[in-house]
file target-v2.txt (compact mmCIF, C-alpha atoms and all ligand atoms)
# COMPACT_ATOMS: atom_id res chain seq x y z
CA MET A 1 -184.55 68.15 -161.03
CA LYS A 2 -186.79 67.48 -163.97
CA VAL A 3 -190.09 65.62 -163.60
CA ALA A 4 -191.75 64.06 -166.66
CA ILE A 5 -195.48 63.36 -167.06
CA VAL A 6 -196.16 61.00 -169.93
CA LYS A 7 -199.45 60.32 -171.69
CA GLU A 8 -200.80 56.88 -170.71
CA ARG A 9 -201.16 54.67 -173.77
CA ARG A 10 -202.26 51.28 -172.41
CA ALA A 11 -205.77 49.99 -173.16
CA HIS A 12 -208.61 51.15 -170.86
CA GLU A 13 -206.39 53.81 -169.26
CA ARG A 14 -207.74 57.35 -169.05
CA ARG A 15 -205.90 58.50 -165.95
CA VAL A 16 -202.75 60.63 -165.76
CA ALA A 17 -200.09 60.68 -163.02
CA ALA A 18 -200.26 64.43 -162.29
CA SER A 19 -202.93 67.10 -162.03
CA PRO A 20 -202.63 70.88 -162.44
CA ASP A 21 -202.78 71.03 -158.62
CA THR A 22 -199.80 68.67 -158.15
CA VAL A 23 -197.84 70.36 -160.95
CA ARG A 24 -198.22 73.66 -159.08
CA ARG A 25 -197.03 72.01 -155.87
CA MET A 26 -194.07 70.31 -157.58
CA VAL A 27 -193.01 73.63 -159.09
CA GLY A 28 -193.37 75.10 -155.59
CA MET A 29 -190.97 72.39 -154.33
CA GLY A 30 -188.39 73.70 -156.82
CA LEU A 31 -188.87 70.94 -159.41
CA GLU A 32 -189.01 71.51 -163.15
CA VAL A 33 -192.08 69.80 -164.64
CA ALA A 34 -192.69 68.80 -168.27
CA ALA A 35 -195.90 67.16 -169.54
CA GLU A 36 -196.38 65.41 -172.86
CA THR A 37 -199.02 67.14 -174.94
CA GLY A 38 -202.45 65.56 -174.39
CA ALA A 39 -201.26 63.72 -171.23
CA GLY A 40 -204.32 64.86 -169.28
CA ASP A 41 -206.92 64.96 -172.07
CA ALA A 42 -208.77 61.77 -171.11
CA ALA A 43 -208.95 62.98 -167.48
CA HIS A 44 -210.13 66.45 -168.55
CA PHE A 45 -206.87 68.24 -167.67
CA SER A 46 -205.88 70.33 -170.69
CA ASP A 47 -202.36 71.24 -171.80
CA ALA A 48 -203.34 74.84 -171.01
CA ALA A 49 -204.20 73.91 -167.40
CA PHE A 50 -200.87 72.09 -166.98
CA ALA A 51 -199.02 75.03 -168.55
CA ALA A 52 -200.84 77.54 -166.31
CA ALA A 53 -199.72 75.45 -163.31
CA GLY A 54 -196.09 75.85 -164.41
CA ALA A 55 -195.37 72.81 -166.61
CA SER A 56 -193.71 73.01 -169.99
CA ILE A 57 -195.54 71.08 -172.69
CA ALA A 58 -193.51 68.63 -174.80
CA ALA A 59 -194.51 67.43 -178.26
CA ASP A 60 -194.06 63.68 -177.65
CA ALA A 61 -193.03 61.01 -175.15
CA GLU A 62 -189.41 60.96 -176.32
CA THR A 63 -189.01 64.71 -175.77
CA VAL A 64 -190.66 64.72 -172.35
CA LEU A 65 -188.56 61.78 -171.15
CA ALA A 66 -185.25 63.14 -172.47
CA GLY A 67 -183.17 64.19 -169.47
CA ALA A 68 -185.96 63.56 -166.94
CA ASP A 69 -184.77 62.69 -163.44
CA ILE A 70 -188.19 61.53 -162.24
CA VAL A 71 -190.85 59.89 -164.42
CA LEU A 72 -194.43 59.78 -163.06
CA LYS A 73 -196.69 57.12 -164.58
CA VAL A 74 -200.00 55.44 -163.87
CA GLN A 75 -199.26 52.18 -165.69
CA ARG A 76 -195.86 50.65 -166.45
CA PRO A 77 -193.98 52.15 -169.40
CA LEU A 78 -194.37 50.62 -172.84
CA THR A 79 -191.38 48.61 -174.01
CA GLY A 80 -192.14 48.41 -177.73
CA ASP A 81 -193.09 44.71 -177.39
CA ASP A 82 -196.54 45.28 -178.85
CA GLY A 83 -195.18 47.13 -181.88
CA GLY A 84 -195.93 50.55 -180.35
CA ILE A 85 -193.51 53.09 -178.98
CA ASP A 86 -190.76 52.16 -176.50
CA GLU A 87 -191.07 54.56 -173.55
CA LEU A 88 -188.60 52.62 -171.41
CA LYS A 89 -185.79 53.17 -173.93
CA HIS A 90 -186.04 56.93 -173.39
CA ILE A 91 -185.79 56.84 -169.58
CA ARG A 92 -182.18 57.63 -168.68
CA ARG A 93 -179.94 55.54 -166.39
CA GLY A 94 -180.26 56.66 -162.77
CA ALA A 95 -183.72 58.15 -163.29
CA VAL A 96 -186.59 57.42 -160.88
CA LEU A 97 -189.73 55.76 -162.25
CA ILE A 98 -192.88 55.77 -160.07
CA GLY A 99 -196.15 54.04 -160.99
CA LEU A 100 -198.48 51.09 -160.60
CA LEU A 101 -195.85 48.78 -162.09
CA GLN A 102 -197.51 45.44 -161.15
CA PRO A 103 -194.14 43.77 -160.53
CA ALA A 104 -195.52 40.36 -159.51
CA GLN A 105 -197.28 39.96 -162.86
CA ASN A 106 -194.55 41.53 -165.00
CA SER A 107 -191.19 40.14 -163.94
CA ALA A 108 -189.64 40.61 -167.40
CA ASP A 109 -190.36 44.35 -167.16
CA VAL A 110 -188.79 44.50 -163.70
CA GLU A 111 -185.66 42.86 -165.11
CA ALA A 112 -185.68 45.43 -167.93
CA TYR A 113 -185.81 48.30 -165.37
CA ALA A 114 -182.75 46.78 -163.66
CA ARG A 115 -180.86 46.45 -166.97
CA ALA A 116 -181.75 50.04 -167.85
CA GLY A 117 -180.28 51.23 -164.52
CA ILE A 118 -183.56 52.80 -163.42
CA LEU A 119 -184.74 53.22 -159.83
CA ALA A 120 -188.25 51.83 -160.22
CA PHE A 121 -190.90 52.19 -157.48
CA ALA A 122 -194.12 50.13 -157.50
CA MET A 123 -196.81 52.04 -155.62
CA GLU A 124 -198.97 48.96 -155.00
CA LEU A 125 -196.26 47.60 -152.67
CA LEU A 126 -196.67 50.53 -150.27
CA PRO A 127 -196.95 49.28 -146.68
CA ARG A 128 -200.29 50.20 -145.09
CA VAL A 129 -198.76 52.08 -142.17
CA THR A 130 -200.21 55.34 -140.85
CA ARG A 131 -197.33 57.44 -142.26
CA ALA A 132 -198.05 56.11 -145.77
CA GLN A 133 -201.79 56.84 -145.78
CA ALA A 134 -201.47 59.96 -147.95
CA MET A 135 -199.55 57.86 -150.52
CA ASP A 136 -201.94 54.90 -150.52
CA VAL A 137 -202.86 54.53 -154.18
CA LEU A 138 -204.72 51.25 -153.64
CA SER A 139 -207.11 52.97 -151.23
CA SER A 140 -207.63 56.12 -153.28
CA GLN A 141 -208.43 54.14 -156.41
CA ALA A 142 -210.45 51.33 -154.75
CA ASN A 143 -212.67 53.91 -153.06
CA LEU A 144 -213.66 55.38 -156.44
CA ALA A 145 -214.03 51.90 -157.97
CA GLY A 146 -216.51 50.96 -155.23
CA TYR A 147 -218.52 54.11 -155.90
CA LYS A 148 -218.55 53.63 -159.66
CA ALA A 149 -219.49 49.93 -159.39
CA VAL A 150 -222.78 50.93 -157.78
CA ILE A 151 -223.40 53.70 -160.32
CA GLU A 152 -222.82 51.29 -163.22
CA ALA A 153 -225.07 48.68 -161.62
CA ALA A 154 -227.80 51.30 -161.20
CA ALA A 155 -227.44 52.25 -164.88
CA GLU A 156 -227.93 48.62 -166.01
CA PHE A 157 -230.75 47.93 -163.53
CA GLY A 158 -234.22 48.28 -165.02
CA ARG A 159 -235.60 49.48 -161.72
CA ALA A 160 -235.03 52.35 -159.29
CA PHE A 161 -232.89 52.09 -156.13
CA PRO A 162 -234.95 54.09 -153.60
CA MET A 163 -238.39 53.23 -152.33
CA MET A 164 -240.85 55.67 -153.90
CA MET A 165 -244.44 56.21 -152.81
CA THR A 166 -246.30 57.80 -155.70
CA ALA A 167 -249.93 58.31 -156.71
CA ALA A 168 -249.41 55.56 -159.26
CA GLY A 169 -248.23 53.11 -156.65
CA THR A 170 -245.25 52.22 -154.51
CA ILE A 171 -241.85 51.15 -155.83
CA LYS A 172 -239.87 48.86 -153.53
CA ALA A 173 -236.29 49.76 -152.58
CA ALA A 174 -233.59 47.75 -154.38
CA ARG A 175 -231.66 45.20 -152.33
CA VAL A 176 -227.88 45.30 -152.72
CA LEU A 177 -225.40 42.68 -151.47
CA VAL A 178 -221.73 43.69 -151.24
CA MET A 179 -219.17 40.86 -151.11
CA GLY A 180 -215.94 42.03 -149.44
CA ALA A 181 -216.02 45.07 -147.17
CA GLY A 182 -212.55 46.52 -147.72
CA VAL A 183 -212.02 50.00 -149.15
CA ALA A 184 -214.03 49.41 -152.35
CA GLY A 185 -216.78 47.44 -150.59
CA LEU A 186 -217.32 50.05 -147.87
CA GLN A 187 -217.66 52.82 -150.48
CA ALA A 188 -220.06 50.61 -152.47
CA ILE A 189 -222.18 50.19 -149.34
CA ALA A 190 -222.17 53.94 -148.64
CA THR A 191 -223.06 54.77 -152.25
CA ALA A 192 -225.88 52.22 -152.46
CA ARG A 193 -227.27 53.50 -149.14
CA ARG A 194 -227.20 57.09 -150.43
CA LEU A 195 -229.23 55.95 -153.42
CA GLY A 196 -231.79 54.48 -151.04
CA ALA A 197 -231.08 50.76 -151.39
CA ILE A 198 -231.37 48.21 -148.59
CA VAL A 199 -227.81 46.92 -148.23
CA SER A 200 -226.20 43.82 -146.76
CA ALA A 201 -222.54 42.82 -146.91
CA THR A 202 -220.17 40.03 -146.01
CA ASP A 203 -216.45 39.81 -145.34
CA VAL A 204 -214.14 37.21 -143.95
CA ARG A 205 -212.43 39.60 -141.50
CA ALA A 206 -214.18 39.99 -138.15
CA ALA A 207 -213.34 43.73 -138.00
CA ALA A 208 -215.48 44.38 -141.06
CA LYS A 209 -218.76 43.70 -139.20
CA GLU A 210 -218.67 46.91 -137.17
CA GLN A 211 -217.66 49.01 -140.20
CA VAL A 212 -220.49 47.56 -142.31
CA GLU A 213 -223.04 48.15 -139.57
CA SER A 214 -221.84 51.71 -138.97
CA LEU A 215 -222.79 52.45 -142.60
CA GLY A 216 -226.34 51.22 -142.00
CA ALA A 217 -225.97 47.85 -143.73
CA THR A 218 -226.63 44.35 -142.39
CA PHE A 219 -223.61 42.08 -141.93
CA ILE A 220 -223.83 38.46 -143.03
CA THR A 221 -221.58 36.34 -140.82
CA VAL A 222 -220.33 33.15 -142.44
CA ASP A 223 -218.12 31.58 -139.77
CA GLU A 224 -217.31 33.50 -136.58
CA ALA A 225 -214.44 31.24 -135.52
CA ALA A 226 -212.73 31.42 -138.92
CA ALA A 227 -213.20 35.21 -139.04
CA ARG A 228 -211.11 35.67 -135.91
CA THR A 229 -207.97 34.30 -137.64
CA ALA A 230 -208.70 35.51 -141.16
CA GLU A 231 -206.80 38.79 -140.95
CA THR A 232 -203.01 38.96 -141.51
CA ALA A 233 -200.73 41.29 -139.57
CA GLY A 234 -200.83 43.63 -142.60
CA GLY A 235 -204.63 43.95 -142.35
CA TYR A 236 -205.38 41.82 -145.42
CA ALA A 237 -207.49 38.65 -145.62
CA ARG A 238 -205.97 35.18 -145.81
CA GLU A 239 -207.07 32.73 -148.48
CA MET A 240 -209.87 30.68 -146.91
CA GLY A 241 -210.13 26.89 -146.99
CA GLU A 242 -212.68 24.67 -148.73
CA ASP A 243 -214.88 24.41 -145.64
CA TYR A 244 -215.26 28.16 -145.31
CA GLN A 245 -215.96 28.54 -149.02
CA ARG A 246 -218.67 25.89 -148.96
CA HIS A 247 -220.30 27.43 -145.91
CA GLN A 248 -220.09 30.89 -147.49
CA ARG A 249 -221.76 29.66 -150.71
CA GLU A 250 -224.63 28.21 -148.67
CA ARG A 251 -225.16 31.44 -146.69
CA ILE A 252 -224.91 33.63 -149.78
CA THR A 253 -227.19 31.42 -151.90
CA GLU A 254 -229.85 31.96 -149.23
CA ALA A 255 -229.27 35.74 -149.28
CA LEU A 256 -229.43 35.89 -153.09
CA LYS A 257 -233.13 35.04 -152.98
CA ARG A 258 -233.66 38.53 -151.51
CA THR A 259 -231.05 40.37 -153.65
CA ASP A 260 -231.30 42.51 -156.82
CA ILE A 261 -227.72 43.73 -157.14
CA VAL A 262 -224.44 42.03 -156.13
CA ILE A 263 -221.18 43.98 -155.99
CA CYS A 264 -218.12 41.68 -155.70
CA THR A 265 -214.88 43.29 -154.45
CA VAL A 266 -212.92 40.38 -152.96
CA LEU A 267 -209.16 40.23 -153.53
CA ILE A 268 -206.35 38.26 -151.89
CA PRO A 269 -203.00 40.07 -152.33
CA GLY A 270 -200.66 38.23 -154.69
CA ARG A 271 -203.18 35.49 -155.53
CA LYS A 272 -206.00 34.77 -157.90
CA ALA A 273 -209.31 36.18 -156.63
CA PRO A 274 -211.62 33.54 -155.08
CA VAL A 275 -214.80 32.55 -156.95
CA LEU A 276 -217.67 33.66 -154.69
CA LEU A 277 -220.60 33.32 -157.07
CA THR A 278 -220.87 30.10 -159.05
CA SER A 279 -223.16 29.89 -162.10
CA GLU A 280 -225.72 28.00 -159.99
CA MET A 281 -225.70 30.84 -157.45
CA VAL A 282 -226.17 33.48 -160.17
CA ALA A 283 -229.17 31.43 -161.38
CA GLU A 284 -230.79 32.07 -157.97
CA LEU A 285 -231.10 35.78 -158.82
CA ALA A 286 -234.32 37.06 -160.37
CA PRO A 287 -234.33 38.20 -164.04
CA GLY A 288 -233.20 41.83 -164.28
CA SER A 289 -230.71 41.51 -161.41
CA VAL A 290 -227.21 42.92 -161.90
CA VAL A 291 -223.85 41.54 -160.75
CA VAL A 292 -220.67 43.68 -160.83
CA ASP A 293 -217.34 41.82 -160.67
CA LEU A 294 -214.69 44.31 -159.56
CA ALA A 295 -212.11 41.52 -159.16
CA ILE A 296 -212.01 40.65 -162.86
CA GLU A 297 -208.37 41.69 -163.32
CA ALA A 298 -207.38 39.15 -160.65
CA GLY A 299 -209.43 36.38 -162.30
CA GLY A 300 -212.86 37.45 -161.07
CA ASN A 301 -215.21 36.61 -158.19
CA VAL A 302 -217.98 35.45 -160.51
CA GLU A 303 -217.82 32.18 -162.43
CA GLY A 304 -217.83 32.81 -166.16
CA SER A 305 -217.50 36.62 -166.05
CA GLY A 306 -215.39 38.09 -168.84
CA PRO A 307 -213.56 41.39 -168.95
CA GLU A 308 -215.36 44.41 -170.40
CA GLU A 309 -218.56 42.60 -171.40
CA VAL A 310 -222.05 43.14 -170.08
CA ALA A 311 -223.09 39.49 -170.26
CA THR A 312 -226.69 38.39 -169.80
CA THR A 313 -227.26 34.89 -168.39
CA PRO A 314 -230.03 32.61 -169.73
CA ASN A 315 -232.22 33.63 -166.78
CA GLY A 316 -231.80 37.34 -167.53
CA VAL A 317 -229.12 38.39 -165.02
CA LYS A 318 -226.63 40.99 -166.22
CA ILE A 319 -222.98 40.48 -165.25
CA ILE A 320 -220.65 43.47 -165.59
CA ALA A 321 -216.90 42.91 -165.22
CA PRO A 322 -215.16 46.19 -166.07
CA VAL A 323 -211.41 46.36 -166.45
CA ASN A 324 -209.83 49.34 -164.66
CA MET A 325 -212.89 50.77 -162.93
CA PRO A 326 -211.01 53.77 -161.43
CA SER A 327 -210.24 54.89 -164.98
CA ARG A 328 -213.99 55.35 -165.55
CA VAL A 329 -213.84 58.17 -162.98
CA ALA A 330 -210.63 59.42 -164.57
CA ALA A 331 -210.64 63.04 -163.39
CA ASP A 332 -211.10 62.28 -159.68
CA ALA A 333 -208.99 59.12 -159.86
CA SER A 334 -206.13 61.12 -161.43
CA GLN A 335 -206.53 63.95 -158.92
CA LEU A 336 -206.18 61.56 -155.97
CA TYR A 337 -203.50 59.38 -157.58
CA ALA A 338 -201.47 62.51 -158.38
CA ARG A 339 -201.69 63.64 -154.74
CA ASN A 340 -200.59 60.15 -153.61
CA LEU A 341 -197.50 60.41 -155.85
CA LEU A 342 -196.76 63.94 -154.67
CA SER A 343 -196.70 62.75 -151.04
CA PHE A 344 -194.40 59.89 -152.06
CA LEU A 345 -192.13 62.26 -153.98
CA ALA A 346 -191.61 64.33 -150.85
CA LEU A 347 -189.76 61.30 -149.41
CA LEU A 348 -187.36 61.25 -152.36
CA VAL A 349 -186.39 64.92 -152.63
CA ASP A 350 -184.20 66.50 -149.94
CA GLN A 351 -184.06 70.15 -148.86
CA ASP A 352 -181.44 70.95 -151.54
CA LYS A 353 -183.87 69.58 -154.17
CA LYS A 354 -181.57 66.61 -154.73
CA LEU A 355 -182.66 63.01 -155.07
CA LYS A 356 -182.17 60.96 -151.89
CA VAL A 357 -183.15 57.32 -151.78
CA ASP A 358 -183.06 56.26 -148.14
CA THR A 359 -183.42 52.49 -148.25
CA GLY A 360 -183.54 52.51 -144.45
CA ASP A 361 -187.03 54.02 -144.74
CA GLU A 362 -189.64 51.22 -144.63
CA ILE A 363 -191.78 52.91 -147.30
CA ILE A 364 -188.86 53.27 -149.73
CA LYS A 365 -187.60 49.77 -149.00
CA ALA A 366 -191.00 48.15 -149.61
CA THR A 367 -191.66 49.92 -152.91
CA LEU A 368 -188.18 50.06 -154.52
CA LEU A 369 -187.90 47.35 -157.19
CA THR A 370 -184.55 48.01 -158.83
CA GLU A 371 -181.36 49.89 -157.94
CA ASP A 372 -177.80 49.88 -159.33
CA GLY A 373 -178.75 47.47 -162.11
CA ALA A 374 -180.27 44.82 -159.84
CA VAL A 375 -183.71 43.73 -158.63
CA VAL A 376 -183.58 44.56 -154.93
CA ASN A 377 -187.15 44.11 -153.71
CA PRO A 378 -187.50 41.40 -151.05
CA ALA A 379 -191.17 40.81 -151.96
CA LEU A 380 -190.30 39.64 -155.46
CA ALA A 381 -189.66 36.00 -156.25
CA PRO A 382 -185.96 35.05 -156.00
CA SER A 383 -186.10 33.95 -159.65
CA VAL A 384 -186.72 37.56 -160.70
CA ALA A 385 -183.78 38.80 -158.65
CA ALA A 386 -181.54 35.98 -159.92
CA GLY A 387 -182.57 36.54 -163.54
CA ALA A 388 -181.79 40.23 -163.36
CA ALA A 389 -178.45 39.66 -161.66
CA ALA A 390 -177.42 37.22 -164.41
CA ALA A 391 -178.53 39.63 -167.13
CA THR A 392 -176.57 42.55 -165.67
CA GLY A 393 -173.52 40.37 -164.94
P1 LIG B 401 -208.69 43.90 -150.60
O1 LIG B 401 -208.94 44.74 -151.80
O2 LIG B 401 -207.43 43.12 -150.50
O3 LIG B 401 -209.93 42.88 -150.41
C1 LIG B 401 -211.26 43.34 -150.37
C2 LIG B 401 -211.98 42.74 -149.19
O4 LIG B 401 -212.29 41.35 -149.44
C3 LIG B 401 -211.25 42.75 -147.86
O5 LIG B 401 -212.00 43.45 -146.91
C4 LIG B 401 -211.09 41.28 -147.50
O6 LIG B 401 -211.15 41.05 -146.11
C5 LIG B 401 -212.26 40.67 -148.21
N1 LIG B 401 -212.16 39.22 -148.42
C6 LIG B 401 -211.06 38.48 -148.74
N2 LIG B 401 -211.37 37.18 -148.90
C7 LIG B 401 -212.70 37.08 -148.69
C8 LIG B 401 -213.62 35.99 -148.74
N3 LIG B 401 -213.22 34.76 -149.04
N4 LIG B 401 -214.91 36.26 -148.47
C9 LIG B 401 -215.33 37.51 -148.18
N5 LIG B 401 -214.51 38.58 -148.12
C10 LIG B 401 -213.22 38.37 -148.37
O7 LIG B 401 -208.84 44.79 -149.28
P2 LIG B 401 -208.55 46.34 -149.09
O8 LIG B 401 -209.71 47.12 -149.52
O9 LIG B 401 -207.25 46.66 -149.68
O10 LIG B 401 -208.47 46.44 -147.49
C11 LIG B 401 -207.76 45.50 -146.73
C12 LIG B 401 -207.61 45.97 -145.30
O11 LIG B 401 -206.68 47.03 -145.22
C13 LIG B 401 -208.88 46.51 -144.66
O12 LIG B 401 -208.87 46.08 -143.32
C14 LIG B 401 -208.70 47.99 -144.70
O13 LIG B 401 -209.47 48.62 -143.69
C15 LIG B 401 -207.22 48.07 -144.42
N6 LIG B 401 -206.62 49.32 -144.85
C16 LIG B 401 -205.73 49.95 -144.02
C17 LIG B 401 -205.16 51.14 -144.39
C18 LIG B 401 -204.17 51.83 -143.49
O14 LIG B 401 -203.57 52.76 -143.88
N7 LIG B 401 -203.96 51.38 -142.28
C19 LIG B 401 -205.46 51.76 -145.67
C20 LIG B 401 -206.39 51.01 -146.48
C21 LIG B 401 -206.93 49.83 -146.06
call {"tool": "encode", "arguments": {"input": "target-v2.txt", "output": "structure tokens"}}
result
Amino acid sequence: MKVAIVKERRAHERRVAASPDTVRRMVGMGLEVAAETGAGDAAHFSDAAFAAAGASIAADAETVLAGADIVLKVQRPLTGDDGGIDELKHIRRGAVLIGLLQPAQNSADVEAYARAGILAFAMELLPRVTRAQAMDVLSSQANLAGYKAVIEAAAEFGRAFPMMMTAAGTIKAARVLVMGAGVAGLQAIATARRLGAIVSATDVRAAAKEQVESLGATFITVDEAAARTAETAGGYAREMGEDYQRHQRERITEALKRTDIVICTVLIPGRKAPVLLTSEMVAELAPGSVVVDLAIEAGGNVEGSGPEEVATTPNGVKIIAPVNMPSRVAADASQLYARNLLSFLALLVDQDKKLKVDTGDEIIKATLLTEDGAVVNPALAPSVAAGAAAATG
């Protein structure tokens, strides 16, 4: 079976879906691997490194996709809509496509995968069960995003993070507040602590308190009773009501008086991110403070934050809202993402090196978007499934 690694061409994307390490392992599994020239450049993996690992190097996307049985991507393939190249057109019927396909936001693309007869897998739909941990792309990428958020905040901050006692006087430790203590938030806490900051954090899920405290940070409880019912069976947070939000804004406004840096990481799966910091709350911060909004792609946690800008408010607070934070740590993000895909691939290739798609497997079932010309994923809106069925007749 042939595996294709295509260069990522979407804006802000520096990652690649394979690393020299995973190419070597795929070749070891008996797969034939081809990489488009320059596919790993932005993540510091050269063509020579891919070739040394056993990949053949193809001159362009069309050549690498021709005859591929499995296509590994970070972002969804281009469809030519924006006047650029059409990668989807070159993926053959019956081929497997694996990537962060964002199906909920891109239903027209999902319908196009069905029409093209592709077996498309969206890695963000992976169930968070123990067996899937090695494939968990959301965790591997969020962890690096949390780390980088603190590093970027430190770079914009006109002061140091650690307390320093020098002959010229003492510098106070920076105070960091982390909103949302999931995978990204916990890594942000750990990173800020390593840099010597005094850290506090809040989360709606009751279980987060112990995790925050075990990292040496202070937990800010908003509403104990609400926290007990805030977690879904899947481990995610529910969307909280008006009462909780009001109470949270009061508690956080108080905490902001003693805060230099705020890292916002709050997401609700399938919904717009909640606004945690209003403009009035940001105005409570002292000049020179820094806010990082990691939720910007889901609408943002900070009122008025805009993608990719470092905005400075009238009272001198910097707000950073970077799109695709994992891509700013492209080498490590690609390394981990590639290993996630490799683990997933092992589910799809049988001992005879043939493709086997076992829809009885909960991991396959949850991630498979399209099969036999139809949208088959139960998590997608019925309108998507109906639209695709009509289009394929
Ligand atoms: P996420 O990216 O969906 O959200 C980030 C954090 O924001 C979460 O901790 C969430 O509780 C919090 N949050 C949501 N609404 C909030 C609000 N209004 N105010 C304050 N905080 C709010 O979460 P992520 O990082 O994907 O993790 C979700 C859960 O999944 C965690 O419990 C994590 O430990 C768990 N998990 C389990 C894995 C497994 O394999 N079993 C793997 C990875 C994560």
call {"tool": "residues_near_ligand", "arguments": {"input": "target-v2.txt", "ligand": "ligand LIG 401 (chain B)", "cutoff": "7 Å", "atoms": "only C-alpha atoms and all ligand atoms", "output": "PyMOL selection string"}}
result
chain A and resi 128-130+132-133+136+138-139+142+179-185+202-205+208+235-240+245+265-269+274
call {"tool": "write_last_selection", "arguments": {"input": "target-v2.txt", "atoms": "C-alpha atoms", "output": "PDB file, in the frame of the given file"}}
result
ATOM      1  CA  ARG A 128    -200.290  50.200-145.090  1.00  0.00           C
ATOM      2  CA  VAL A 129    -198.760  52.080-142.170  1.00  0.00           C
ATOM      3  CA  THR A 130    -200.210  55.340-140.850  1.00  0.00           C
ATOM      4  CA  ALA A 132    -198.050  56.110-145.770  1.00  0.00           C
ATOM      5  CA  GLN A 133    -201.790  56.840-145.780  1.00  0.00           C
ATOM      6  CA  ASP A 136    -201.940  54.900-150.520  1.00  0.00           C
ATOM      7  CA  LEU A 138    -204.720  51.250-153.640  1.00  0.00           C
ATOM      8  CA  SER A 139    -207.110  52.970-151.230  1.00  0.00           C
ATOM      9  CA  ALA A 142    -210.450  51.330-154.750  1.00  0.00           C
ATOM     10  CA  MET A 179    -219.170  40.860-151.110  1.00  0.00           C
ATOM     11  CA  GLY A 180    -215.940  42.030-149.440  1.00  0.00           C
ATOM     12  CA  ALA A 181    -216.020  45.070-147.170  1.00  0.00           C
ATOM     13  CA  GLY A 182    -212.550  46.520-147.720  1.00  0.00           C
ATOM     14  CA  VAL A 183    -212.020  50.000-149.150  1.00  0.00           C
ATOM     15  CA  ALA A 184    -214.030  49.410-152.350  1.00  0.00           C
ATOM     16  CA  GLY A 185    -216.780  47.440-150.590  1.00  0.00           C
ATOM     17  CA  THR A 202    -220.170  40.030-146.010  1.00  0.00           C
ATOM     18  CA  ASP A 203    -216.450  39.810-145.340  1.00  0.00           C
ATOM     19  CA  VAL A 204    -214.140  37.210-143.950  1.00  0.00           C
ATOM     20  CA  ARG A 205    -212.430  39.600-141.500  1.00  0.00           C
ATOM     21  CA  ALA A 208    -215.480  44.380-141.060  1.00  0.00           C
ATOM     22  CA  GLY A 235    -204.630  43.950-142.350  1.00  0.00           C
ATOM     23  CA  TYR A 236    -205.380  41.820-145.420  1.00  0.00           C
ATOM     24  CA  ALA A 237    -207.490  38.650-145.620  1.00  0.00           C
ATOM     25  CA  ARG A 238    -205.970  35.180-145.810  1.00  0.00           C
ATOM     26  CA  GLU A 239    -207.070  32.730-148.480  1.00  0.00           C
ATOM     27  CA  MET A 240    -209.870  30.680-146.910  1.00  0.00           C
ATOM     28  CA  GLN A 245    -215.960  28.540-149.020  1.00  0.00           C
ATOM     29  CA  THR A 265    -214.880  43.290-154.450  1.00  0.00           C
ATOM     30  CA  VAL A 266    -212.920  40.380-152.960  1.00  0.00           C
ATOM     31  CA  LEU A 267    -209.160  40.230-153.530  1.00  0.00           C
ATOM     32  CA  ILE A 268    -206.350  38.260-151.890  1.00  0.00           C
ATOM     33  CA  PRO A 269    -203.000  40.070-152.330  1.00  0.00           C
ATOM     34  CA  PRO A 274    -211.620  33.540-155.080  1.00  0.00           C
TER      35      PRO A 274
END
call {"tool": "closest_residue", "arguments": {"input": "target-v2.txt", "among": "A:Gly360, A:Gly306, A:Pro378, A:Pro77", "to": "Ala321 (chain A)", "atoms": "all atoms listed in the file"}}
result
A:Gly306
call {"tool": "closest_residue", "arguments": {"input": "target-v2.txt", "among": "A:Ala52, A:Leu88, A:Ile296, A:Leu65", "to": "Ile118 (chain A)", "atoms": "all atoms listed in the file"}}
result
A:Leu88
call {"tool": "closest_atom_pairs", "arguments": {"input": "target-v2.txt", "of": "region 80-115 of chain A", "to": "region 4-15 of chain A", "cutoff": "12 Å", "atoms": "all atoms listed in the file", "output": "JSON lines"}}
result
{"residue": "A:Gly80", "atom": "CA", "partner": "A:Arg9", "partner_atom": "CA", "distance": 11.7}
{"residue": "A:Asp82", "atom": "CA", "partner": "A:Arg10", "partner_atom": "CA", "distance": 10.5}
{"residue": "A:Gly84", "atom": "CA", "partner": "A:Arg9", "partner_atom": "CA", "distance": 9.4}
{"residue": "A:Ile85", "atom": "CA", "partner": "A:Arg9", "partner_atom": "CA", "distance": 9.4}
{"residue": "A:Asp86", "atom": "CA", "partner": "A:Arg9", "partner_atom": "CA", "distance": 11.0}
{"residue": "A:Glu87", "atom": "CA", "partner": "A:Val6", "partner_atom": "CA", "distance": 9.0}
{"residue": "A:Leu88", "atom": "CA", "partner": "A:Val6", "partner_atom": "CA", "distance": 11.4}
{"residue": "A:His90", "atom": "CA", "partner": "A:Ala4", "partner_atom": "CA", "distance": 11.3}
{"residue": "A:Ile91", "atom": "CA", "partner": "A:Ala4", "partner_atom": "CA", "distance": 9.8}
{"residue": "A:Arg92", "atom": "CA", "partner": "A:Ala4", "partner_atom": "CA", "distance": 11.7}
{"residue": "A:Ala95", "atom": "CA", "partner": "A:Ala4", "partner_atom": "CA", "distance": 10.5}
{"residue": "A:Val96", "atom": "CA", "partner": "A:Ala4", "partner_atom": "CA", "distance": 10.2}
{"residue": "A:Leu97", "atom": "CA", "partner": "A:Ala4", "partner_atom": "CA", "distance": 9.6}
{"residue": "A:Ile98", "atom": "CA", "partner": "A:Ile5", "partner_atom": "CA", "distance": 10.6}
{"residue": "A:Gly99", "atom": "CA", "partner": "A:Ile5", "partner_atom": "CA", "distance": 11.1}
{"residue": "A:Leu100", "atom": "CA", "partner": "A:Arg15", "partner_atom": "CA", "distance": 11.8}
